[in-house]
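Below is one structure, written out as structure tokens; comments come after it.
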Amino acid sequence: LLEDFQHLLCDALEMLHELGGDDECFRQHYYFQDLKILVDLLRDAWKATHYINPKRAAAIALSWREYSYSTFKRLALFAASFDDCIPSNQWMSWLLEDNAQELWSNPAQPETEMLLKAQSHHLTREAQTQLEAVILAGPLINKGSSELVDNELSITNKIWRRLAALKTAGLSLGQE
């Protein structure tokens, strides 16, 4: 049923977009329970696929990055948190692309933290150092950005949470 749930979710997101909404709109408001149910069903179907055929599940997760909807990008981050699914250099590039937008995204925070806790122990020392530097630099604040315009305490909290996720994964953080 994975493909069916994937198509239904894509169709629902396309309809939402046509009606003037975006896919993060429903993730932040619980009155879109039907869409949340589709996401949950797709996640469950993907987990079952991963259990039976990890290579197929990895290919599906990679294909989710091709969708323009952030919901599918978040699903790919979720999938990357599973062992032997997405190589660390691949998910690391996802987190760092577009000025590390997904690393700092409020809606993607649960998937990002889960991924860092579950998989950052696979990073090379060089990749870990790079990720720590990006985290310590904090989110890039774009004028007019509704998501990243936070107060200083919130930004410090975001930095701390991501570093704590690395520490939870068993990494020895760098001196910086």
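Going through the structure tokens in order, the chains are called A, B, and so on, while each chain numbers its residues from 1 and the ligands are numbered from 1 in the order shown.
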
Problem - Spatial neighbours of range 54-70 of chain A, max dist 10 Å, only C-alpha atoms, sep filter under 2 positions, as a ChimeraX atom specification - result: /A:2-3,6,10,13-14,17,22-24,45-52,72-80,82-87,90-91,94,102,107-108

Practice task
Write down as a count of residues only the residues of range 22-164 of chain A whose backbone DSSP state falls under alpha helix (DSSP H).
Solution key: 102

Problem - Pick from A:Leu140, A:Leu9, A:Leu166, A:Met15, whichever lies nearest to Leu35 in chain A using only C-alpha atoms - result: A:Leu9

Tell me which protein, DNA and RNA residues are within 6 Å of range 115-129 of chain A, counting only C-alpha atoms, leaving out same-chain ones fewer than 6 positions away, and put them as an mmCIF file with N, CA and C atoms, in the first residue's frame.
data_model
loop_
_atom_site.group_PDB
_atom_site.id
_atom_site.type_symbol
_atom_site.label_atom_id
_atom_site.label_comp_id
_atom_site.auth_asym_id
_atom_site.auth_seq_id
_atom_site.Cartn_x
_atom_site.Cartn_y
_atom_site.Cartn_z
ATOM 1 N N SER A 81 16.886 8.358 9.400
ATOM 2 C CA SER A 81 17.222 8.032 10.789
ATOM 3 C C SER A 81 17.298 6.528 11.030
ATOM 4 N N ALA A 165 21.716 16.713 20.552
ATOM 5 C CA ALA A 165 21.392 15.538 19.739
ATOM 6 C C ALA A 165 22.663 14.819 19.313
ATOM 7 N N LEU A 166 23.697 15.579 18.942
ATOM 8 C CA LEU A 166 24.978 14.966 18.582
ATOM 9 C C LEU A 166 25.592 14.252 19.787
ATOM 10 N N THR A 168 23.977 13.048 22.367
ATOM 11 C CA THR A 168 23.147 11.874 22.645
ATOM 12 C C THR A 168 23.540 10.700 21.756
ATOM 13 N N ALA A 169 23.998 11.015 20.553
ATOM 14 C CA ALA A 169 24.424 9.970 19.619
ATOM 15 C C ALA A 169 25.756 9.342 20.033
#

Problem - A:Leu42, A:Leu131, A:Leu163, A:Leu16 ranked by distance to Ser88 in chain A, top pick (using only C-alpha atoms) - result: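 Of all the options, A:Leu131 lies closest to Ser88 in chain A.
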
Practice task
Go through A:Lys158, A:Ile135, A:Glu152, A:Asn106 one by one, measure the shortest atom-to-atom distance of each to Leu173 in chain A using only C-alpha atoms, and give the residue with the smallest value.
Solution key: A:Ile135
